[in-house]
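Here the structure is laid out as structure tokens; the discussion comes afterwards.
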Amino acid sequence: LFINLGILMFSLAVLFQIITLPVEFNASGRALKILKNSGMLYESEVREARNVLTAAALTYVASAASALLQLLILTGGRRNDNE
């Protein structure tokens, strides 16, 4: 019972991470736009800022992928135990 409850809760956490991915990418895009329009960066620095913000957003992708793989391993292992 508790194992199934734990799997359900972890599944909800994974779902939340996947749903928030577009929000994170949108935030990086908005931040870059603000940096460009405010004059905080020289034009030559915009490319580097884009690279950093993209890398930051990709950390969320890596985290979601890792959690999804953990969930698949966890649920796959549970099915094998019951057979």
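Ordered as shown in the structure tokens, chains take letters A, B, and onward, while each chain numbers its residues from 1 and ligands are numbered from 1 in the order shown.
By only C-alpha atoms, and with residues fewer than 2 positions from stretch 14-20 of chain A along its chain excluded, the set lying at most 12 Å from it is Ile7, Leu8, Met9, Phe10, Ser11, Leu12, Pro22, Val23, Glu24, Phe25, Asn26, Ala27, Ala57, Thr59, Tyr60, Val61, Ala62, Ser63, Ala64, Ala65, Ser66, Ala67, Leu68, Leu69, Gln70, Leu71 and Leu72 of chain A.
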Generate a file of the selected residues that holds N, CA and C atoms, formatted as a PDB file, in the first residue's frame.
```pdb
ATOM      1  N   ILE A   7       4.778   5.573  -5.206  1.00  0.00           N
ATOM      2  CA  ILE A   7       4.892   5.623  -6.665  1.00  0.00           C
ATOM      3  C   ILE A   7       3.919   6.652  -7.237  1.00  0.00           C
ATOM      4  N   LEU A   8       2.720   6.700  -6.713  1.00  0.00           N
ATOM      5  CA  LEU A   8       1.737   7.680  -7.169  1.00  0.00           C
ATOM      6  C   LEU A   8       2.220   9.102  -6.901  1.00  0.00           C
ATOM      7  N   MET A   9       2.734   9.346  -5.719  1.00  0.00           N
ATOM      8  CA  MET A   9       3.218  10.683  -5.377  1.00  0.00           C
ATOM      9  C   MET A   9       4.405  11.077  -6.255  1.00  0.00           C
ATOM     10  N   PHE A  10       5.315  10.135  -6.476  1.00  0.00           N
ATOM     11  CA  PHE A  10       6.467  10.415  -7.337  1.00  0.00           C
ATOM     12  C   PHE A  10       6.005  10.664  -8.769  1.00  0.00           C
ATOM     13  N   SER A  11       4.987   9.946  -9.221  1.00  0.00           N
ATOM     14  CA  SER A  11       4.428  10.157 -10.562  1.00  0.00           C
ATOM     15  C   SER A  11       3.876  11.572 -10.695  1.00  0.00           C
ATOM     16  N   LEU A  12       3.216  12.048  -9.664  1.00  0.00           N
ATOM     17  CA  LEU A  12       2.686  13.412  -9.692  1.00  0.00           C
ATOM     18  C   LEU A  12       3.816  14.440  -9.748  1.00  0.00           C
ATOM     19  N   PRO A  22       7.712  24.063 -20.368  1.00  0.00           N
ATOM     20  CA  PRO A  22       7.484  25.228 -21.226  1.00  0.00           C
ATOM     21  C   PRO A  22       7.571  26.562 -20.462  1.00  0.00           C
ATOM     22  N   VAL A  23       7.180  26.548 -19.216  1.00  0.00           N
ATOM     23  CA  VAL A  23       7.259  27.764 -18.400  1.00  0.00           C
ATOM     24  C   VAL A  23       8.714  28.188 -18.237  1.00  0.00           C
ATOM     25  N   GLU A  24       9.585  27.228 -18.001  1.00  0.00           N
ATOM     26  CA  GLU A  24      11.009  27.534 -17.818  1.00  0.00           C
ATOM     27  C   GLU A  24      11.623  28.081 -19.103  1.00  0.00           C
ATOM     28  N   PHE A  25      11.294  27.477 -20.236  1.00  0.00           N
ATOM     29  CA  PHE A  25      11.836  27.977 -21.498  1.00  0.00           C
ATOM     30  C   PHE A  25      11.290  29.364 -21.818  1.00  0.00           C
ATOM     31  N   ASN A  26      10.036  29.599 -21.514  1.00  0.00           N
ATOM     32  CA  ASN A  26       9.454  30.918 -21.724  1.00  0.00           C
ATOM     33  C   ASN A  26      10.134  31.958 -20.838  1.00  0.00           C
ATOM     34  N   ALA A  27      10.441  31.589 -19.609  1.00  0.00           N
ATOM     35  CA  ALA A  27      11.108  32.519 -18.694  1.00  0.00           C
ATOM     36  C   ALA A  27      12.489  32.892 -19.222  1.00  0.00           C
ATOM     37  N   ALA A  57      17.912  26.509 -18.816  1.00  0.00           N
ATOM     38  CA  ALA A  57      16.625  25.864 -19.102  1.00  0.00           C
ATOM     39  C   ALA A  57      16.810  24.363 -19.333  1.00  0.00           C
ATOM     40  N   THR A  59      18.802  22.430 -17.872  1.00  0.00           N
ATOM     41  CA  THR A  59      18.950  21.692 -16.617  1.00  0.00           C
ATOM     42  C   THR A  59      17.601  21.160 -16.153  1.00  0.00           C
ATOM     43  N   TYR A  60      16.526  21.893 -16.453  1.00  0.00           N
ATOM     44  CA  TYR A  60      15.184  21.428 -16.107  1.00  0.00           C
ATOM     45  C   TYR A  60      14.788  20.223 -16.970  1.00  0.00           C
ATOM     46  N   VAL A  61      15.215  20.222 -18.225  1.00  0.00           N
ATOM     47  CA  VAL A  61      14.950  19.079 -19.102  1.00  0.00           C
ATOM     48  C   VAL A  61      15.679  17.847 -18.574  1.00  0.00           C
ATOM     49  N   ALA A  62      16.933  18.022 -18.193  1.00  0.00           N
ATOM     50  CA  ALA A  62      17.711  16.898 -17.664  1.00  0.00           C
ATOM     51  C   ALA A  62      17.094  16.363 -16.376  1.00  0.00           C
ATOM     52  N   SER A  63      16.632  17.256 -15.529  1.00  0.00           N
ATOM     53  CA  SER A  63      16.007  16.833 -14.277  1.00  0.00           C
ATOM     54  C   SER A  63      14.720  16.061 -14.535  1.00  0.00           C
ATOM     55  N   ALA A  64      13.903  16.544 -15.454  1.00  0.00           N
ATOM     56  CA  ALA A  64      12.648  15.857 -15.780  1.00  0.00           C
ATOM     57  C   ALA A  64      12.932  14.497 -16.413  1.00  0.00           C
ATOM     58  N   ALA A  65      13.922  14.433 -17.300  1.00  0.00           N
ATOM     59  CA  ALA A  65      14.269  13.160 -17.936  1.00  0.00           C
ATOM     60  C   ALA A  65      14.773  12.157 -16.902  1.00  0.00           C
ATOM     61  N   SER A  66      15.581  12.631 -15.980  1.00  0.00           N
ATOM     62  CA  SER A  66      16.100  11.760 -14.927  1.00  0.00           C
ATOM     63  C   SER A  66      14.964  11.223 -14.057  1.00  0.00           C
ATOM     64  N   ALA A  67      14.059  12.099 -13.674  1.00  0.00           N
ATOM     65  CA  ALA A  67      12.931  11.672 -12.840  1.00  0.00           C
ATOM     66  C   ALA A  67      12.039  10.684 -13.592  1.00  0.00           C
ATOM     67  N   LEU A  68      11.824  10.938 -14.880  1.00  0.00           N
ATOM     68  CA  LEU A  68      10.999  10.028 -15.685  1.00  0.00           C
ATOM     69  C   LEU A  68      11.660   8.652 -15.791  1.00  0.00           C
ATOM     70  N   LEU A  69      12.964   8.619 -16.007  1.00  0.00           N
ATOM     71  CA  LEU A  69      13.662   7.334 -16.068  1.00  0.00           C
ATOM     72  C   LEU A  69      13.608   6.613 -14.728  1.00  0.00           C
ATOM     73  N   GLN A  70      13.747   7.352 -13.640  1.00  0.00           N
ATOM     74  CA  GLN A  70      13.636   6.734 -12.320  1.00  0.00           C
ATOM     75  C   GLN A  70      12.252   6.126 -12.121  1.00  0.00           C
ATOM     76  N   LEU A  71      11.239   6.836 -12.561  1.00  0.00           N
ATOM     77  CA  LEU A  71       9.873   6.332 -12.440  1.00  0.00           C
ATOM     78  C   LEU A  71       9.677   5.072 -13.280  1.00  0.00           C
ATOM     79  N   LEU A  72      10.214   5.077 -14.497  1.00  0.00           N
ATOM     80  CA  LEU A  72      10.092   3.899 -15.358  1.00  0.00           C
ATOM     81  C   LEU A  72      10.813   2.700 -14.755  1.00  0.00           C
TER      82      LEU A  72
END
```
Quick one: everything within 12 Å of A:Ala31, counting only C-alpha atoms, minus sequence neighbours fewer than 3 positions away in the same chain. Send it as a PDB file with all heavy atoms, in the first residue's frame.
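File written: out-v8.pdb
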```pdb
ATOM      1  N   GLU A  24       9.585  27.228 -18.001  1.00  0.00           N
ATOM      2  CA  GLU A  24      11.009  27.534 -17.818  1.00  0.00           C
ATOM      3  C   GLU A  24      11.623  28.081 -19.103  1.00  0.00           C
ATOM      4  O   GLU A  24      12.399  29.038 -19.071  1.00  0.00           O
ATOM      5  CB  GLU A  24      11.765  26.288 -17.352  1.00  0.00           C
ATOM      6  CG  GLU A  24      11.306  25.754 -16.025  1.00  0.00           C
ATOM      7  CD  GLU A  24      11.447  26.743 -14.886  1.00  0.00           C
ATOM      8  OE1 GLU A  24      12.281  27.669 -14.978  1.00  0.00           O
ATOM      9  OE2 GLU A  24      10.701  26.609 -13.911  1.00  0.00           O
ATOM     10  N   PHE A  25      11.294  27.477 -20.236  1.00  0.00           N
ATOM     11  CA  PHE A  25      11.836  27.977 -21.498  1.00  0.00           C
ATOM     12  C   PHE A  25      11.290  29.364 -21.818  1.00  0.00           C
ATOM     13  O   PHE A  25      12.020  30.226 -22.314  1.00  0.00           O
ATOM     14  CB  PHE A  25      11.534  26.999 -22.639  1.00  0.00           C
ATOM     15  CG  PHE A  25      12.517  25.876 -22.719  1.00  0.00           C
ATOM     16  CD1 PHE A  25      12.199  24.637 -22.192  1.00  0.00           C
ATOM     17  CD2 PHE A  25      13.757  26.059 -23.281  1.00  0.00           C
ATOM     18  CE1 PHE A  25      13.110  23.592 -22.246  1.00  0.00           C
ATOM     19  CE2 PHE A  25      14.676  25.027 -23.338  1.00  0.00           C
ATOM     20  CZ  PHE A  25      14.350  23.789 -22.821  1.00  0.00           C
ATOM     21  N   ASN A  26      10.036  29.599 -21.514  1.00  0.00           N
ATOM     22  CA  ASN A  26       9.454  30.918 -21.724  1.00  0.00           C
ATOM     23  C   ASN A  26      10.134  31.958 -20.838  1.00  0.00           C
ATOM     24  O   ASN A  26      10.396  33.079 -21.271  1.00  0.00           O
ATOM     25  CB  ASN A  26       7.946  30.873 -21.447  1.00  0.00           C
ATOM     26  CG  ASN A  26       7.254  32.164 -21.806  1.00  0.00           C
ATOM     27  OD1 ASN A  26       7.712  32.912 -22.650  1.00  0.00           O
ATOM     28  ND2 ASN A  26       6.145  32.424 -21.143  1.00  0.00           N
ATOM     29  N   ALA A  27      10.441  31.589 -19.609  1.00  0.00           N
ATOM     30  CA  ALA A  27      11.108  32.519 -18.694  1.00  0.00           C
ATOM     31  C   ALA A  27      12.489  32.892 -19.222  1.00  0.00           C
ATOM     32  O   ALA A  27      12.896  34.060 -19.147  1.00  0.00           O
ATOM     33  CB  ALA A  27      11.212  31.900 -17.303  1.00  0.00           C
ATOM     34  N   SER A  28      13.212  31.927 -19.768  1.00  0.00           N
ATOM     35  CA  SER A  28      14.533  32.225 -20.330  1.00  0.00           C
ATOM     36  C   SER A  28      14.410  33.161 -21.529  1.00  0.00           C
ATOM     37  O   SER A  28      15.205  34.086 -21.694  1.00  0.00           O
ATOM     38  CB  SER A  28      15.242  30.936 -20.743  1.00  0.00           C
ATOM     39  OG  SER A  28      15.559  30.169 -19.616  1.00  0.00           O
ATOM     40  N   ILE A  34      14.342  40.991 -22.101  1.00  0.00           N
ATOM     41  CA  ILE A  34      14.520  42.101 -21.165  1.00  0.00           C
ATOM     42  C   ILE A  34      15.964  42.589 -21.179  1.00  0.00           C
ATOM     43  O   ILE A  34      16.227  43.798 -21.207  1.00  0.00           O
ATOM     44  CB  ILE A  34      14.083  41.696 -19.741  1.00  0.00           C
ATOM     45  CG1 ILE A  34      12.562  41.526 -19.694  1.00  0.00           C
ATOM     46  CG2 ILE A  34      14.554  42.714 -18.709  1.00  0.00           C
ATOM     47  CD1 ILE A  34      12.059  40.877 -18.413  1.00  0.00           C
ATOM     48  N   LEU A  35      16.899  41.649 -21.166  1.00  0.00           N
ATOM     49  CA  LEU A  35      18.306  42.029 -21.183  1.00  0.00           C
ATOM     50  C   LEU A  35      18.672  42.783 -22.456  1.00  0.00           C
ATOM     51  O   LEU A  35      19.435  43.755 -22.418  1.00  0.00           O
ATOM     52  CB  LEU A  35      19.190  40.786 -21.026  1.00  0.00           C
ATOM     53  CG  LEU A  35      19.196  40.140 -19.651  1.00  0.00           C
ATOM     54  CD1 LEU A  35      19.899  38.794 -19.707  1.00  0.00           C
ATOM     55  CD2 LEU A  35      19.838  41.048 -18.633  1.00  0.00           C
ATOM     56  N   LYS A  36      18.127  42.349 -23.583  1.00  0.00           N
ATOM     57  CA  LYS A  36      18.412  43.023 -24.858  1.00  0.00           C
ATOM     58  C   LYS A  36      17.796  44.409 -24.909  1.00  0.00           C
ATOM     59  O   LYS A  36      18.442  45.374 -25.306  1.00  0.00           O
ATOM     60  CB  LYS A  36      17.878  42.180 -26.024  1.00  0.00           C
ATOM     61  CG  LYS A  36      18.718  40.972 -26.339  1.00  0.00           C
ATOM     62  CD  LYS A  36      18.057  40.047 -27.340  1.00  0.00           C
ATOM     63  CE  LYS A  36      17.840  40.684 -28.683  1.00  0.00           C
ATOM     64  NZ  LYS A  36      17.319  39.723 -29.678  1.00  0.00           N
ATOM     65  N   ASN A  37      16.537  44.509 -24.487  1.00  0.00           N
ATOM     66  CA  ASN A  37      15.812  45.782 -24.626  1.00  0.00           C
ATOM     67  C   ASN A  37      16.191  46.829 -23.586  1.00  0.00           C
ATOM     68  O   ASN A  37      15.990  48.013 -23.800  1.00  0.00           O
ATOM     69  CB  ASN A  37      14.298  45.536 -24.574  1.00  0.00           C
ATOM     70  CG  ASN A  37      13.813  44.741 -25.767  1.00  0.00           C
ATOM     71  OD1 ASN A  37      14.463  44.707 -26.804  1.00  0.00           O
ATOM     72  ND2 ASN A  37      12.685  44.086 -25.615  1.00  0.00           N
ATOM     73  N   SER A  38      16.717  46.398 -22.469  1.00  0.00           N
ATOM     74  CA  SER A  38      17.047  47.345 -21.409  1.00  0.00           C
ATOM     75  C   SER A  38      18.414  47.990 -21.599  1.00  0.00           C
ATOM     76  O   SER A  38      18.742  48.951 -20.905  1.00  0.00           O
ATOM     77  CB  SER A  38      17.020  46.642 -20.051  1.00  0.00           C
ATOM     78  OG  SER A  38      18.080  45.702 -19.979  1.00  0.00           O
ATOM     79  N   MET A  40      21.187  46.504 -20.905  1.00  0.00           N
ATOM     80  CA  MET A  40      22.102  45.979 -19.891  1.00  0.00           C
ATOM     81  C   MET A  40      23.282  45.245 -20.520  1.00  0.00           C
ATOM     82  O   MET A  40      24.336  45.114 -19.898  1.00  0.00           O
ATOM     83  CB  MET A  40      21.370  45.023 -18.944  1.00  0.00           C
ATOM     84  CG  MET A  40      20.321  45.688 -18.100  1.00  0.00           C
ATOM     85  SD  MET A  40      19.344  44.430 -17.259  1.00  0.00           S
ATOM     86  CE  MET A  40      19.789  44.743 -15.582  1.00  0.00           C
ATOM     87  N   LEU A  41      23.083  44.750 -21.740  1.00  0.00           N
ATOM     88  CA  LEU A  41      24.134  43.999 -22.420  1.00  0.00           C
ATOM     89  C   LEU A  41      24.543  44.708 -23.699  1.00  0.00           C
ATOM     90  O   LEU A  41      23.722  45.340 -24.374  1.00  0.00           O
ATOM     91  CB  LEU A  41      23.640  42.596 -22.788  1.00  0.00           C
ATOM     92  CG  LEU A  41      23.220  41.667 -21.669  1.00  0.00           C
ATOM     93  CD1 LEU A  41      22.697  40.368 -22.254  1.00  0.00           C
ATOM     94  CD2 LEU A  41      24.369  41.403 -20.728  1.00  0.00           C
ATOM     95  N   VAL A  46      24.947  39.410 -26.140  1.00  0.00           N
ATOM     96  CA  VAL A  46      23.624  38.790 -26.222  1.00  0.00           C
ATOM     97  C   VAL A  46      23.733  37.299 -26.534  1.00  0.00           C
ATOM     98  O   VAL A  46      23.031  36.482 -25.944  1.00  0.00           O
ATOM     99  CB  VAL A  46      22.739  39.528 -27.248  1.00  0.00           C
ATOM    100  CG1 VAL A  46      21.436  38.780 -27.496  1.00  0.00           C
ATOM    101  CG2 VAL A  46      22.462  40.945 -26.785  1.00  0.00           C
ATOM    102  N   ALA A  49      24.718  35.441 -23.439  1.00  0.00           N
ATOM    103  CA  ALA A  49      23.586  35.411 -22.508  1.00  0.00           C
ATOM    104  C   ALA A  49      22.566  34.370 -22.950  1.00  0.00           C
ATOM    105  O   ALA A  49      22.016  33.627 -22.126  1.00  0.00           O
ATOM    106  CB  ALA A  49      22.935  36.779 -22.401  1.00  0.00           C
ATOM    107  N   ARG A  50      22.315  34.289 -24.254  1.00  0.00           N
ATOM    108  CA  ARG A  50      21.383  33.287 -24.784  1.00  0.00           C
ATOM    109  C   ARG A  50      21.892  31.877 -24.480  1.00  0.00           C
ATOM    110  O   ARG A  50      21.131  31.000 -24.072  1.00  0.00           O
ATOM    111  CB  ARG A  50      21.189  33.460 -26.288  1.00  0.00           C
ATOM    112  CG  ARG A  50      20.236  32.431 -26.886  1.00  0.00           C
ATOM    113  CD  ARG A  50      20.048  32.567 -28.393  1.00  0.00           C
ATOM    114  NE  ARG A  50      19.412  33.821 -28.721  1.00  0.00           N
ATOM    115  CZ  ARG A  50      20.007  34.811 -29.408  1.00  0.00           C
ATOM    116  NH1 ARG A  50      21.251  34.669 -29.828  1.00  0.00           N
ATOM    117  NH2 ARG A  50      19.358  35.920 -29.677  1.00  0.00           N
ATOM    118  N   VAL A  52      23.859  30.924 -22.021  1.00  0.00           N
ATOM    119  CA  VAL A  52      23.740  30.645 -20.585  1.00  0.00           C
ATOM    120  C   VAL A  52      22.288  30.364 -20.210  1.00  0.00           C
ATOM    121  O   VAL A  52      22.000  29.422 -19.463  1.00  0.00           O
ATOM    122  CB  VAL A  52      24.312  31.815 -19.758  1.00  0.00           C
ATOM    123  CG1 VAL A  52      23.966  31.669 -18.290  1.00  0.00           C
ATOM    124  CG2 VAL A  52      25.815  31.916 -19.945  1.00  0.00           C
ATOM    125  N   LEU A  53      21.362  31.167 -20.721  1.00  0.00           N
ATOM    126  CA  LEU A  53      19.952  30.963 -20.391  1.00  0.00           C
ATOM    127  C   LEU A  53      19.422  29.655 -20.974  1.00  0.00           C
ATOM    128  O   LEU A  53      18.610  28.974 -20.349  1.00  0.00           O
ATOM    129  CB  LEU A  53      19.116  32.153 -20.871  1.00  0.00           C
ATOM    130  CG  LEU A  53      19.329  33.432 -20.065  1.00  0.00           C
ATOM    131  CD1 LEU A  53      18.684  34.623 -20.769  1.00  0.00           C
ATOM    132  CD2 LEU A  53      18.790  33.279 -18.661  1.00  0.00           C
ATOM    133  N   THR A  54      19.892  29.284 -22.150  1.00  0.00           N
ATOM    134  CA  THR A  54      19.500  28.003 -22.733  1.00  0.00           C
ATOM    135  C   THR A  54      20.036  26.850 -21.891  1.00  0.00           C
ATOM    136  O   THR A  54      19.318  25.879 -21.613  1.00  0.00           O
ATOM    137  CB  THR A  54      20.007  27.880 -24.185  1.00  0.00           C
ATOM    138  OG1 THR A  54      19.436  28.938 -24.955  1.00  0.00           O
ATOM    139  CG2 THR A  54      19.628  26.539 -24.796  1.00  0.00           C
ATOM    140  N   ALA A  56      20.683  26.942 -18.742  1.00  0.00           N
ATOM    141  CA  ALA A  56      19.914  26.920 -17.498  1.00  0.00           C
ATOM    142  C   ALA A  56      18.572  26.221 -17.710  1.00  0.00           C
ATOM    143  O   ALA A  56      18.143  25.407 -16.885  1.00  0.00           O
ATOM    144  CB  ALA A  56      19.699  28.342 -16.983  1.00  0.00           C
ATOM    145  N   ALA A  57      17.912  26.509 -18.816  1.00  0.00           N
ATOM    146  CA  ALA A  57      16.625  25.864 -19.102  1.00  0.00           C
ATOM    147  C   ALA A  57      16.810  24.363 -19.333  1.00  0.00           C
ATOM    148  O   ALA A  57      15.959  23.558 -18.944  1.00  0.00           O
ATOM    149  CB  ALA A  57      15.969  26.522 -20.311  1.00  0.00           C
TER     150      ALA A  57
END
```
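Here atom CA of A:Thr75 stands at a distance of 14.6 Å from atom CA of A:Ala13.
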Handout entry: atom CA of A:Ala55 to atom CA of A:Leu32, distance in Å rounded to a single decimal
Key =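 Atom CA of A:Ala55 sits 12.8 Å away from atom CA of A:Leu32.
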Completion exercise
Restricting to only C-alpha atoms, whichever of A:Ile73, A:Leu58, A:Gly6, A:Arg47 is closest to A:Lys33 is A:Arg47
